[in-house]
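What follows is one structure encoded as structure tokens, with my remarks underneath.
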Amino acid sequence: MVIVTTVSFNKTNMYETERRVGEFPPVPGYINMMGPYIKNIKFGGGIETVHLFEFDESRLEEARDFINDRMMIYKEIADLTYSVELWLNFEDVLNMTGLERGQSYASA
């Protein structure tokens, strides 16, 4: 499974954002963190960064709690927004739904 975080900030809060990054707890060994990747740089200084956190499905609750706590560090920075999304691969969906590869299903 993968959780993707996107953080959007601008030139005026860039230094505060960088300072807060130094407060992050270490990433646990069961999570493979990739990034930061620069997703977008907008005219006037807007910047979006992306991190990917890959982990085993069995650790979803732990990973979600760790990442949510991590993102709360940004909460008090003005004009900064973030999102946290769970991305599933095909095998994760099959495991969660009990479907099997090639099995047909009805849709509404």
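We name chains A, B, ... following the order of the structure tokens; residues begin at 1 in each chain, and ligands are numbered from 1 as shown.
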Inset, instruction - Write down as a ChimeraX atom specification the residues belonging to region 12-108 of chain A that are assigned alpha helix (DSSP H) by DSSP computed on the backbone. - result: /A:14-21,60-72,90-97
Each residue of region 4-36 of chain A lying at most 8 Å from region 77-100 of chain A should get a row with its shortest atom-to-atom pair and the distance in Å to one decimal, counting only C-alpha atoms; could you produce that, ordered by chain and increasing number, as CSV?
```
residue,atom,partner,partner_atom,distance
A:Val4,CA,A:Glu85,CA,5.2
A:Thr5,CA,A:Val84,CA,4.6
A:Thr6,CA,A:Ser83,CA,5.3
A:Val7,CA,A:Tyr82,CA,4.3
A:Ser8,CA,A:Thr81,CA,5.2
A:Phe9,CA,A:Leu80,CA,4.7
A:Asn10,CA,A:Asp79,CA,7.6
A:Asn13,CA,A:Ala78,CA,7.2
A:Glu16,CA,A:Ile77,CA,7.3
A:Thr17,CA,A:Ile77,CA,7.3
```
Just write the chosen residues, C-alpha atoms, as a PDB file, in the first residue's frame.
```pdb
ATOM      1  CA  VAL A   4       0.825   9.921  -0.748  1.00  0.00           C
ATOM      2  CA  THR A   5       1.181  13.302   0.949  1.00  0.00           C
ATOM      3  CA  THR A   6       1.155  16.584  -0.948  1.00  0.00           C
ATOM      4  CA  VAL A   7       2.218  19.837   0.720  1.00  0.00           C
ATOM      5  CA  SER A   8       1.585  23.222  -0.918  1.00  0.00           C
ATOM      6  CA  PHE A   9       3.385  26.307   0.337  1.00  0.00           C
ATOM      7  CA  ASN A  10       4.778  29.597  -1.009  1.00  0.00           C
ATOM      8  CA  ASN A  13       6.329  30.429   4.419  1.00  0.00           C
ATOM      9  CA  GLU A  16       9.029  28.079   8.339  1.00  0.00           C
ATOM     10  CA  THR A  17       8.086  24.969   6.377  1.00  0.00           C
TER      11      THR A  17
END
```
Residues near Pro26 (chain A), cut-off 12 Å, only C-alpha atoms, skip fewer than 5 positions along chain, as a PDB file with N, CA and C atoms, in the first residue's frame:
```pdb
ATOM      1  N   VAL A  21      10.171  20.786   9.032  1.00  0.00           N
ATOM      2  CA  VAL A  21      10.613  19.482   8.535  1.00  0.00           C
ATOM      3  C   VAL A  21      11.657  18.892   9.481  1.00  0.00           C
ATOM      4  N   ILE A  31       8.182   1.324   6.973  1.00  0.00           N
ATOM      5  CA  ILE A  31       7.742   2.249   5.924  1.00  0.00           C
ATOM      6  C   ILE A  31       8.936   2.595   5.040  1.00  0.00           C
ATOM      7  N   ASN A  32       8.732   2.508   3.734  1.00  0.00           N
ATOM      8  CA  ASN A  32       9.719   2.973   2.768  1.00  0.00           C
ATOM      9  C   ASN A  32       9.243   4.337   2.266  1.00  0.00           C
ATOM     10  N   MET A  33       9.932   5.401   2.677  1.00  0.00           N
ATOM     11  CA  MET A  33       9.550   6.754   2.272  1.00  0.00           C
ATOM     12  C   MET A  33      10.342   7.155   1.032  1.00  0.00           C
ATOM     13  N   PHE A  66       1.103   7.229  12.022  1.00  0.00           N
ATOM     14  CA  PHE A  66       2.411   7.881  11.950  1.00  0.00           C
ATOM     15  C   PHE A  66       2.370   9.065  10.977  1.00  0.00           C
ATOM     16  N   ILE A  67       1.798   8.851   9.793  1.00  0.00           N
ATOM     17  CA  ILE A  67       1.783   9.905   8.764  1.00  0.00           C
ATOM     18  C   ILE A  67       0.877  11.055   9.179  1.00  0.00           C
ATOM     19  N   ASP A  69       0.233  12.018  12.247  1.00  0.00           N
ATOM     20  CA  ASP A  69       0.975  12.761  13.270  1.00  0.00           C
ATOM     21  C   ASP A  69       2.064  13.617  12.628  1.00  0.00           C
ATOM     22  N   ARG A  70       2.723  13.074  11.648  1.00  0.00           N
ATOM     23  CA  ARG A  70       3.778  13.792  10.927  1.00  0.00           C
ATOM     24  C   ARG A  70       3.223  15.051  10.266  1.00  0.00           C
TER      25      ARG A  70
END
```
Inset, instruction - Any chance you could list, as a ChimeraX atom specification, the residues in chain A that come up strand (DSSP E or B) when DSSP is run on the backbone? - result: /A:2-9,32-41,47-54,81-87
Legend entry - Between CA of Pro25 (chain A) and CA of Glu57 (chain A) - distance in Å to one decimal: 21.7 Å
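Within 6 Å of region 38-40 of chain A, once only C-alpha atoms are used and residues closer than 3 positions along the same chain are dropped, the contacting residues are A:Ile47, A:Glu48, A:Thr49.
Counting from CA of Met72 (chain A), the distance to CA of Phe43 (chain A) is 27.2 Å.
Between CA of Arg64 (chain A) and CA of Arg19 (chain A) the separation is 23.2 Å.
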